[in-house]
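**Student:** Structure below; questions to follow.
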Amino acid sequence: MKNVKITKLLLISITLLPSFVVAVHHESHEMKPRDLVAAAYETFAAGDTDAWAKLHTDDLTFTVLGELPQSGVFIGTDAVIEGVFSKIPTLWPEFTLTPINIDVVGDTVYVHNKMTGEGLDSETMHMFKLRGGKIASFKAFEDTDSMRLAMKAQ
């Protein structure tokens with residue numbers, strides 16, 4: 001009887017241990033800068049704003065230069081989702097960003113992107129600053145002329 005209990009206990013321990021190790025490893029694992037920024041683009045493209053928000057600090061500073069409807073400085077992920085992301089699909093239907101090149105310099109990641117959409121075919125440069133394994137700031141340097149010409153009426 002004692003052997004049966006020990007066997008069951010060992011079986012339960014062996015079964016649960018890998019899950020525990022993976023969970024602990026996952027929580028303490030910090031993404032590499034390139035992977036973190038790539039994940040931000042992936043979640044943006046998928047429209048998964050919850051997953052996108054988790055990649056950013058609570059005090060995210062998100063800057064879109066120029067004078068377009070989504071231009072400005074937005075603080076926090078909710079402000080970005082409302083002030084920027086919600087406008088893009090109506091202004092530029094079928095909008096996509098495709099990274100051409102990603103460069104990492106210390107805690108800064110630069111991404112050269114191809115930007116396309118209905119009537120839009122341009123390039124852009126994005127700069128991300130990282131802090132504590134998350135994205136703390138973002139700045140978009142875009143061809144606002146091309147974007148304005150392709151923009152659908154609001």
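Simple scheme: letters A, B, ... for chains in structure tokens order, numbers from 1 for residues in each chain, numbers from 1 for ligands in the order shown.
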Any chance you could list, as a list in words, the residues in range 60-146 of chain A that come up helix (DSSP H, G or I) when DSSP is run on the backbone?
**Tutor:**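 Matching residues, listed in order: Thr77, Asp78, Ala79, Val80, Ile81, Glu82, Gly83, Val84, Phe85, Ile88, Pro89, Thr90, Leu91, Thr144, Asp145 and Ser146 of chain A.
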**Student:** Considering only C-alpha atoms, return as a PyMOL selection string whatever protein or nucleic-acid residues lie within 8 Å of Ser122 in chain A, sequence-local ones (same chain, fewer than 3 positions apart) excluded.
**Tutor:** chain A and resi 114-116+143+146-147
**Student:** By how many Å are CA of Thr96 in chain A and CA of Lys152 in chain A apart?
**Tutor:**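 Rounded to one decimal, the two atoms are 15.4 Å apart.
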**Student:** Here is a test: counting only C-alpha atoms, which residue of A:Gln70, A:Thr108, A:Ser137, A:Thr144 is nearest to Pro33 in chain A?
**Tutor:**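 Checking each candidate against Pro33 in chain A, we get A:Thr108 as the closest.
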**Student:** At what distance in Å, to one decimal, does CA of Lys134 in chain A lie from CA of Leu55 in chain A?
**Tutor:**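 The value is 5.4 Å.
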**Student:** Excluding same-chain residues fewer than 6 positions from Lys129 in chain A, what lies within 10 Å of it counting only C-alpha atoms, as a ChimeraX atom specification?
**Tutor:** /A:33,37,60-61,105-110,135-139
**Student:** What is the CA of Ala53 in chain A to CA of Phe74 in chain A distance in Å?
**Tutor:**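 Here the two named atoms are 13.4 Å from each other.
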**Student:** Counting only C-alpha atoms, what is within 9 Å of range 87-95 of chain A, bar same-chain residues fewer than 4 positions away, as a PyMOL selection string?
**Tutor:** chain A and resi 45+69-70+81-83+115-120+147+150-154
**Student:** Need the shell around Met125 in chain A: protein/DNA/RNA residues with any atom at most 8 Å away, counting only C-alpha atoms. Skip same-chain ones fewer than 5 positions apart. Format as a compact mmCIF listing (two decimals) with C-alpha atoms, in the first residue's frame?
**Tutor:**
# COMPACT_ATOMS: atom_id res chain seq x y z
CA TYR A 110 14.87 50.86 -35.27
CA VAL A 111 12.52 49.28 -37.80
CA HIS A 112 12.43 50.19 -41.49
CA ASN A 113 8.99 49.14 -42.79
CA ALA A 140 6.96 56.99 -36.14
CA PHE A 141 8.83 58.85 -38.88
CA GLU A 142 6.44 58.47 -41.81
**Student:** Report the residues of range 25-103 of chain A whose backbone DSSP state falls under strand (DSSP E), written as a ChimeraX atom specification.
**Tutor:** /A:56-64,72-75,96-103
**Student:** Could you write out the selected residues, including C-alpha atoms, as a PDB file, in the first residue's frame?
**Tutor:**
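Final output, selection.pdb:
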ATOM      1  CA  HIS A  56       4.285  47.860 -23.452  1.00  0.00           C
ATOM      2  CA  THR A  57       4.855  49.719 -20.195  1.00  0.00           C
ATOM      3  CA  ASP A  58       1.853  51.326 -18.488  1.00  0.00           C
ATOM      4  CA  ASP A  59       3.324  54.773 -19.189  1.00  0.00           C
ATOM      5  CA  LEU A  60       4.029  54.109 -22.883  1.00  0.00           C
ATOM      6  CA  THR A  61       4.715  57.303 -24.851  1.00  0.00           C
ATOM      7  CA  PHE A  62       3.591  56.797 -28.452  1.00  0.00           C
ATOM      8  CA  THR A  63       4.428  59.585 -30.914  1.00  0.00           C
ATOM      9  CA  VAL A  64       3.210  59.893 -34.497  1.00  0.00           C
ATOM     10  CA  GLY A  72       0.235  63.369 -31.782  1.00  0.00           C
ATOM     11  CA  VAL A  73       1.678  62.106 -28.534  1.00  0.00           C
ATOM     12  CA  PHE A  74      -0.350  59.440 -26.755  1.00  0.00           C
ATOM     13  CA  ILE A  75       0.348  58.232 -23.221  1.00  0.00           C
ATOM     14  CA  THR A  96      -0.186  46.638 -43.545  1.00  0.00           C
ATOM     15  CA  LEU A  97       3.303  47.123 -42.173  1.00  0.00           C
ATOM     16  CA  THR A  98       6.027  44.765 -43.327  1.00  0.00           C
ATOM     17  CA  PRO A  99       9.408  45.065 -41.617  1.00  0.00           C
ATOM     18  CA  ILE A 100      12.268  45.424 -44.104  1.00  0.00           C
ATOM     19  CA  ASN A 101      15.063  45.707 -41.545  1.00  0.00           C
ATOM     20  CA  ILE A 102      15.349  45.703 -37.762  1.00  0.00           C
ATOM     21  CA  ASP A 103      18.405  47.182 -36.029  1.00  0.00           C
TER      22      ASP A 103
END
**Student:** Ranking A:Arg148, A:Leu130, A:Gly66, A:Asp78 by minimum distance to Asp50 in chain A and counting only C-alpha atoms, which one comes first?
**Tutor:**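 Residue with the minimum atom-to-atom distance to Asp50 in chain A: A:Asp78.
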